[in-house]
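One file, upload_39.cif, carrying mmCIF, C-alpha atoms:
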data_data
loop_
_atom_site.label_atom_id
_atom_site.label_comp_id
_atom_site.auth_asym_id
_atom_site.auth_seq_id
_atom_site.Cartn_x
_atom_site.Cartn_y
_atom_site.Cartn_z
CA MET A 202 -9.33 22.64 -0.50
CA ASN A 203 -11.64 22.34 2.46
CA PRO A 204 -10.62 24.05 5.67
CA ARG A 205 -8.84 21.63 7.95
CA LEU A 206 -10.89 20.09 10.72
CA VAL A 207 -8.67 19.84 13.78
CA ILE A 208 -10.58 17.04 15.55
CA LEU A 209 -10.85 14.90 12.42
CA ASP A 210 -7.22 15.65 11.66
CA VAL A 211 -6.07 14.42 15.07
CA VAL A 212 -8.42 11.43 15.18
CA ALA A 213 -7.51 10.28 11.68
CA ARG A 214 -3.88 9.68 12.59
CA PRO A 215 -4.34 6.85 15.17
CA LEU A 216 -7.51 5.59 13.52
CA TYR A 217 -5.71 5.06 10.22
CA VAL A 218 -3.34 2.67 11.97
CA VAL A 219 -6.16 0.99 13.90
CA VAL A 220 -8.25 0.41 10.75
CA LEU A 221 -5.26 -1.00 8.88
CA LEU A 222 -4.46 -3.32 11.81
CA ALA A 223 -8.09 -4.45 11.84
CA SER A 224 -7.87 -5.16 8.12
CA LEU A 225 -4.72 -7.22 8.71
CA VAL A 226 -6.51 -9.20 11.43
CA VAL A 227 -9.40 -9.88 9.05
CA LEU A 228 -6.96 -10.84 6.31
CA LEU A 229 -4.97 -13.31 8.40
CA ARG A 230 -7.85 -14.94 10.26
CA GLY A 231 -9.66 -15.39 6.96
CA HIS A 232 -7.71 -18.58 6.51
CA ASN A 233 -9.88 -20.63 8.85
CA GLU A 234 -12.64 -18.24 9.89
CA PRO A 235 -14.86 -15.62 8.24
CA GLY A 236 -12.75 -12.96 6.63
CA GLY A 237 -10.19 -13.00 3.86
CA GLY A 238 -8.54 -10.86 1.25
CA PHE A 239 -11.56 -9.15 -0.25
CA ILE A 240 -13.24 -7.92 2.93
CA ALA A 241 -9.85 -6.99 4.42
CA GLY A 242 -9.16 -4.92 1.30
CA LEU A 243 -12.48 -3.14 1.75
CA VAL A 244 -11.62 -2.33 5.36
CA ALA A 245 -8.24 -0.98 4.22
CA VAL A 246 -10.02 1.21 1.67
CA THR A 247 -11.96 2.68 4.59
CA ALA A 248 -8.67 3.80 6.12
CA SER A 249 -7.66 5.50 2.87
CA VAL A 250 -11.04 7.21 2.55
CA LEU A 251 -10.77 8.39 6.15
CA TRP A 252 -7.35 9.90 5.42
CA ALA A 253 -8.69 11.49 2.24
CA LEU A 254 -11.57 13.08 4.17
CA ALA A 255 -9.18 14.49 6.74
CA HIS A 256 -6.23 15.51 4.57
CA GLY A 257 -7.39 15.38 0.97
CA PRO A 258 -7.21 12.67 -1.71
CA ALA A 259 -3.65 13.50 -2.74
CA ALA A 260 -2.35 12.95 0.80
CA ALA A 261 -4.27 9.69 1.04
CA GLU A 262 -2.75 8.52 -2.23
CA ALA A 263 0.73 9.32 -0.94
CA ARG A 264 -0.03 7.17 2.13
CA LEU A 265 -0.82 4.07 0.08
CA PRO A 266 1.90 1.47 -0.32
CA PHE A 267 3.90 2.27 -3.49
CA ARG A 268 2.21 5.71 -3.38
CA SER A 269 -0.09 4.81 -6.25
CA PRO A 270 -3.36 2.84 -6.32
CA LEU A 271 -2.57 1.58 -9.82
CA ILE A 272 0.80 0.09 -8.87
CA LEU A 273 -0.71 -1.28 -5.65
CA SER A 274 -3.43 -3.21 -7.47
CA ALA A 275 -0.93 -4.33 -10.11
CA VAL A 276 1.31 -5.73 -7.37
CA GLY A 277 -1.75 -7.49 -5.93
CA VAL A 278 -2.61 -9.15 -9.25
CA ALA A 279 1.05 -10.10 -9.71
CA LEU A 280 1.08 -11.74 -6.26
CA GLY A 281 -2.03 -13.68 -7.23
CA VAL A 282 -0.34 -14.93 -10.38
CA VAL A 283 2.87 -15.80 -8.51
CA SER A 284 0.90 -17.82 -5.94
CA GLY A 285 -0.36 -20.04 -8.76
CA LEU A 286 3.06 -20.73 -10.23
CA PRO A 287 4.52 -23.26 -7.70
CA ALA A 288 1.79 -25.74 -8.68
CA LEU A 289 3.18 -25.80 -12.20
CA LEU A 290 6.55 -26.98 -10.83
CA PHE A 291 4.84 -30.07 -9.37
CA GLY A 292 2.91 -30.78 -12.53
CA ASP A 293 -0.45 -29.70 -11.12
CA ALA A 294 -2.87 -27.31 -12.76
CA PHE A 295 -2.23 -23.58 -12.43
CA LEU A 296 -3.49 -22.15 -9.10
CA THR A 297 -3.58 -25.56 -7.41
CA HIS A 298 -2.63 -24.51 -3.91
CA LEU A 299 -0.01 -26.15 -1.74
CA TRP A 300 0.16 -26.46 2.00
CA GLY A 301 3.18 -27.06 4.17
CA ALA A 302 4.50 -26.60 7.69
CA ILE A 303 7.78 -25.10 8.80
CA PRO A 304 8.86 -26.64 12.13
CA LEU A 305 9.99 -24.00 14.64
CA GLY A 306 10.84 -26.36 17.49
CA PHE A 307 8.11 -25.50 20.00
CA THR A 308 5.44 -25.14 17.33
CA GLU A 309 5.15 -25.27 13.61
CA LEU A 310 4.29 -22.50 11.23
CA LYS A 311 1.69 -23.54 8.71
CA VAL A 312 2.22 -21.88 5.36
CA SER A 313 0.36 -22.16 2.10
CA THR A 314 0.29 -20.48 -1.26
CA VAL A 315 -3.34 -19.58 -0.49
CA LEU A 316 -2.07 -16.92 1.91
CA VAL A 317 0.02 -15.36 -0.87
CA PHE A 318 -3.05 -15.37 -3.09
CA ASP A 319 -5.14 -13.80 -0.32
CA VAL A 320 -2.56 -11.06 0.23
CA GLY A 321 -2.67 -10.47 -3.53
CA VAL A 322 -6.45 -10.10 -3.44
CA TYR A 323 -6.08 -7.78 -0.44
CA LEU A 324 -3.61 -5.47 -2.19
CA CYS A 325 -5.56 -5.58 -5.46
CA VAL A 326 -8.88 -4.67 -3.83
CA TRP A 327 -7.23 -2.00 -1.73
CA GLY A 328 -5.51 -0.43 -4.73
CA ALA A 329 -8.45 -0.66 -7.12
CA LEU A 330 -11.18 0.56 -4.78
CA ALA A 331 -8.98 3.18 -3.09
CA GLY A 332 -8.11 4.57 -6.50
CA TYR A 333 -11.80 4.57 -7.39
CA ALA A 334 -12.87 6.27 -4.15
CA LEU A 335 -10.02 8.78 -4.19
CA SER A 336 -10.75 9.87 -7.77
CA LEU A 337 -14.42 10.29 -6.82
CA LEU A 338 -13.39 12.48 -3.89
CA GLU A 339 -11.01 14.36 -6.19
CA ALA A 340 -13.88 14.98 -8.64
CA ASP A 341 -15.97 16.16 -5.70
CA LEU A 342 -13.34 18.75 -4.82
CA THR A 343 -12.90 20.10 -8.34
CA PRO A 344 -16.28 21.93 -8.64
CA ALA A 345 -15.38 23.80 -5.45
CA ASP A 346 -12.41 25.25 -7.34
CA ASP A 347 -14.75 26.45 -10.08
CA GLU A 348 -16.68 28.49 -7.55
CA ARG A 349 -13.69 30.72 -6.95
CA PRO A 350 -13.75 33.86 -9.04
CA GLU A 351 -11.54 33.19 -12.01
CA PRO A 352 -11.38 34.69 -15.48
CA ARG A 353 -13.76 33.06 -17.92
CA ARG A 354 -12.17 31.73 -21.02
CA MET B 272 -27.92 -13.96 35.32
CA THR B 273 -26.52 -12.92 31.96
CA ALA B 274 -28.63 -15.52 30.18
CA ALA B 275 -31.77 -14.17 31.85
CA VAL B 276 -31.06 -10.57 30.89
CA LEU B 277 -29.82 -11.10 27.33
CA PRO B 278 -33.20 -11.70 25.61
CA TRP B 279 -34.44 -8.41 27.06
CA VAL B 280 -31.27 -6.66 25.93
CA LEU B 281 -31.73 -8.02 22.40
CA ALA B 282 -35.40 -6.98 22.38
CA MET B 283 -34.61 -3.46 23.54
CA LEU B 284 -31.77 -3.07 21.03
CA GLY B 285 -34.15 -4.27 18.32
CA ALA B 286 -36.67 -1.68 19.42
CA ALA B 287 -33.91 0.95 19.32
CA ILE B 288 -33.16 -0.03 15.73
CA PHE B 289 -36.79 0.45 14.77
CA LEU B 290 -36.85 3.85 16.51
CA ALA B 291 -33.72 4.89 14.62
CA LEU B 292 -35.30 3.61 11.38
CA TYR B 293 -38.39 5.69 12.10
CA ARG B 294 -36.21 8.78 12.48
CA LEU B 295 -34.34 7.81 9.32
CA VAL B 296 -37.57 7.71 7.31
CA ARG B 297 -39.40 10.59 8.93
CA GLY B 298 -36.44 12.84 9.80
CA PRO B 299 -37.38 16.30 8.64
CA GLY B 300 -33.85 17.28 7.74
CA LEU B 301 -30.65 15.76 6.43
CA PRO B 302 -28.79 16.11 9.77
CA ASP B 303 -31.57 14.15 11.50
CA ARG B 304 -31.22 11.36 9.00
CA ILE B 305 -27.43 11.25 9.29
CA LEU B 306 -27.66 11.10 13.08
CA ALA B 307 -30.29 8.37 12.77
CA LEU B 308 -27.93 6.39 10.54
CA ASP B 309 -25.10 6.89 13.02
CA THR B 310 -27.35 5.70 15.86
CA LEU B 311 -28.26 2.72 13.70
CA TYR B 312 -24.57 1.81 13.35
CA VAL B 313 -23.97 2.08 17.09
CA VAL B 314 -27.06 0.06 18.00
CA THR B 315 -26.20 -2.57 15.40
CA THR B 316 -22.73 -2.89 16.91
CA ALA B 317 -24.24 -3.35 20.37
CA LEU B 318 -26.79 -5.83 19.00
CA LEU B 319 -24.09 -7.92 17.34
CA ILE B 320 -22.02 -7.99 20.53
CA ALA B 321 -25.07 -9.02 22.57
CA LEU B 322 -25.88 -11.69 20.00
CA GLY B 323 -22.29 -12.91 20.13
CA ILE B 324 -22.49 -13.25 23.91
CA TRP B 325 -25.85 -15.00 23.66
CA LEU B 326 -24.76 -17.49 21.01
CA ASP B 327 -21.32 -17.81 22.62
CA SER B 328 -19.62 -17.21 19.27
CA GLY B 329 -16.67 -14.93 18.56
CA VAL B 330 -17.57 -14.42 14.91
CA TYR B 331 -20.02 -11.65 15.73
CA PHE B 332 -17.41 -9.54 17.53
CA GLU B 333 -15.43 -9.23 14.33
CA ALA B 334 -18.51 -8.11 12.42
CA ALA B 335 -19.28 -5.63 15.22
CA MET B 336 -15.77 -4.18 14.98
CA ILE B 337 -15.98 -3.78 11.21
CA ILE B 338 -19.43 -2.16 11.41
CA ALA B 339 -18.12 0.23 14.06
CA LEU B 340 -15.15 1.24 11.88
CA LEU B 341 -17.17 1.57 8.66
CA GLY B 342 -19.95 3.39 10.48
CA PHE B 343 -17.59 6.02 11.81
CA VAL B 344 -16.07 6.70 8.42
CA GLY B 345 -19.51 6.73 6.81
CA THR B 346 -20.78 9.30 9.28
CA VAL B 347 -17.70 11.45 8.74
CA ALA B 348 -18.21 11.27 4.97
CA PHE B 349 -21.88 12.22 5.30
CA ALA B 350 -20.98 15.10 7.62
CA ARG B 351 -18.37 16.28 5.13
CA TYR B 352 -21.00 16.19 2.39
CA LEU B 353 -23.38 18.13 4.60
CA GLU B 354 -20.70 20.74 5.23
CA ARG B 355 -20.16 21.25 1.51
CA GLY B 356 -23.89 21.43 0.97
CA ASP B 357 -24.04 20.30 -2.63
CA VAL B 358 -24.28 16.99 -4.45
CA VAL B 359 -21.65 15.47 -6.69
CA GLU B 360 -23.00 16.01 -10.18
#

Using structure tokens, write down the structure that the file contains.
Amino acid sequence: MNPRLVILDVVARPLYVVVLLASLVVLLRGHNEPGGGFIAGLVAVTASVLWALAHGPAAAEARLPFRSPLILSAVGVALGVVSGLPALLFGDAFLTHLWGAIPLGFTELKVSTVLVFDVGVYLCVWGALAGYALSLLEADLTPADDERPEPRR
Amino acid sequence: MTAAVLPWVLAMLGAAIFLALYRLVRGPGLPDRILALDTLYVVTTALLIALGIWLDSGVYFEAAMIIALLGFVGTVAFARYLERGDVVE
């Protein structure tokens, strides 16, 4: 394992939260403006890579939701499938999206199944690409272990 | 006032990008190139913000924020690679 870098270590902690918040902003504003699930997932992967650079890939993996990139992307795909199901109840084609508004008195909350689908894309991209990047970083660390004197088999 | 200054700001930031590109291509060593890339990220962020002010559009601020975040992580990754001193086979 690389020696710990104190500055990176300290900076990574708040920056991880900031990057994830930025990815959430991109995800949620993607409804009407540039942004959306895919690019938000990529930004979230950046946070994971940052954590992996500061604390190692294993620690970054433990910080992911569900603690596993595989389960995370599986949950994302499942959310995408679930978002397509309500259309079947109304006799429309699969993945036909529905829009609605929940009145809250002073304003109304606009909801749609598209948002569920977008969150699914977000989680799927985050899980898949974070798993990819973290295993690359893991593979990068392994040769360093070979350099240590160890008995040849 | 701002409208009068902004074209000059954009021109100078563009020139800064070309200077950073020159260092990126010619940089004798790897650290020079990494620093040039980092400078490129910073200048691009500034350029996008200036462009957003000029065009009076908020879309560019978002792009500037994302480039700033990705640029930082990219520089850290490059620096980490430099510290290890070998390439992933």

**OP:** With a distance threshold of 7 Å and counting all atoms listed in the file, extract the residues of chain A near chain B and express them as a ChimeraX atom specification.
**Re:** /A:247,251,254,341

Skipping near chain neighbours, those fewer than 6 positions away, what residues fall within 12 Å of Ala286 in chain B using all atoms listed in the file, listed as a short mmCIF file (atom, residue, chain, number, x, y, z; two decimals) with C-alpha atoms, keeping the file's coordinate frame?
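As a result, part-v3.cif now contains:
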data_model
loop_
_atom_site.label_atom_id
_atom_site.label_comp_id
_atom_site.auth_asym_id
_atom_site.auth_seq_id
_atom_site.Cartn_x
_atom_site.Cartn_y
_atom_site.Cartn_z
CA TRP B 279 -34.44 -8.41 27.06
CA VAL B 280 -31.27 -6.66 25.93
CA LEU B 292 -35.30 3.61 11.38
CA TYR B 293 -38.39 5.69 12.10
CA LEU B 311 -28.26 2.72 13.70
CA VAL B 314 -27.06 0.06 18.00
CA THR B 315 -26.20 -2.57 15.40
CA LEU B 318 -26.79 -5.83 19.00
#

Subject >> Ground truth for the PyMOL selection byres ((chain A and resi 334) around 10), written as number ranges by chain >> reply: A: 246-247, 249-250, 253, 258, 328-333, 335-340

Write out the residues from the selection above, keeping C-alpha atoms, as an mmCIF file, in the coordinates of the input.
data_model
loop_
_atom_site.group_PDB
_atom_site.id
_atom_site.type_symbol
_atom_site.label_atom_id
_atom_site.label_comp_id
_atom_site.auth_asym_id
_atom_site.auth_seq_id
_atom_site.Cartn_x
_atom_site.Cartn_y
_atom_site.Cartn_z
ATOM 1 C CA VAL A 246 -10.020 1.210 1.670
ATOM 2 C CA THR A 247 -11.960 2.680 4.590
ATOM 3 C CA SER A 249 -7.660 5.500 2.870
ATOM 4 C CA VAL A 250 -11.040 7.210 2.550
ATOM 5 C CA ALA A 253 -8.690 11.490 2.240
ATOM 6 C CA PRO A 258 -7.210 12.670 -1.710
ATOM 7 C CA GLY A 328 -5.510 -0.430 -4.730
ATOM 8 C CA ALA A 329 -8.450 -0.660 -7.120
ATOM 9 C CA LEU A 330 -11.180 0.560 -4.780
ATOM 10 C CA ALA A 331 -8.980 3.180 -3.090
ATOM 11 C CA GLY A 332 -8.110 4.570 -6.500
ATOM 12 C CA TYR A 333 -11.800 4.570 -7.390
ATOM 13 C CA LEU A 335 -10.020 8.780 -4.190
ATOM 14 C CA SER A 336 -10.750 9.870 -7.770
ATOM 15 C CA LEU A 337 -14.420 10.290 -6.820
ATOM 16 C CA LEU A 338 -13.390 12.480 -3.890
ATOM 17 C CA GLU A 339 -11.010 14.360 -6.190
ATOM 18 C CA ALA A 340 -13.880 14.980 -8.640
#

**OP:** Counting all atoms listed in the file, figure out which residue out of A:Ala255, A:Ala223, A:Val278, A:Ala288 gets nearest to Val322 in chain A.
**Re:** A:Val278

**OP:** Find the spatial neighbours of Arg304 in chain B, counting all atoms listed in the file, within a cut-off of 12 Å - ignore same-chain residues fewer than 2 positions away - and output them as number ranges by chain.
**Re:** B: 291-302, 306-311, 346, 349-350, 353

With C-alpha atoms retained, write the just-selected residues as a tab-separated table (two decimals), keeping the file's coordinate frame.
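The new file out06.tsv reads:
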chain	number	residue	atom	x	y	z
B	291	ALA	CA	-33.72	4.89	14.62
B	292	LEU	CA	-35.30	3.61	11.38
B	293	TYR	CA	-38.39	5.69	12.10
B	294	ARG	CA	-36.21	8.78	12.48
B	295	LEU	CA	-34.34	7.81	9.32
B	296	VAL	CA	-37.57	7.71	7.31
B	297	ARG	CA	-39.40	10.59	8.93
B	298	GLY	CA	-36.44	12.84	9.80
B	299	PRO	CA	-37.38	16.30	8.64
B	300	GLY	CA	-33.85	17.28	7.74
B	301	LEU	CA	-30.65	15.76	6.43
B	302	PRO	CA	-28.79	16.11	9.77
B	306	LEU	CA	-27.66	11.10	13.08
B	307	ALA	CA	-30.29	8.37	12.77
B	308	LEU	CA	-27.93	6.39	10.54
B	309	ASP	CA	-25.10	6.89	13.02
B	310	THR	CA	-27.35	5.70	15.86
B	311	LEU	CA	-28.26	2.72	13.70
B	346	THR	CA	-20.78	9.30	9.28
B	349	PHE	CA	-21.88	12.22	5.30
B	350	ALA	CA	-20.98	15.10	7.62
B	353	LEU	CA	-23.38	18.13	4.60

**OP:** Calculate how many Å separate CA of Val207 in chain A from CA of Trp327 in chain A, rounding to one decimal.
**Re:** 26.8 Å

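CA of Leu286 in chain A is found 20.8 Å from CA of Gly237 in chain A.
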
Original post:
What does the distance from CA of Gly242 in chain A to CA of Ala294 in chain A come to in Å, to one decimal?
Top reply: 27.2 Å

**OP:** Starting from the point (-24.5, -10.4, 30.9), work out which residues of protein, DNA or RNA have an atom no more than 12 Å away when counting all atoms listed in the file; state them as a VMD selection string.
**Re:** chain B and resid 272 to 281 320 to 325 327

Subject >> Nearest residue to Ala282 in chain B from the set B:Ala317, B:Tyr312, B:Gly329, B:Asp303 (distances using all atoms listed in the file) >> reply: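 Smallest separation from Ala282 in chain B among the options: B:Ala317.
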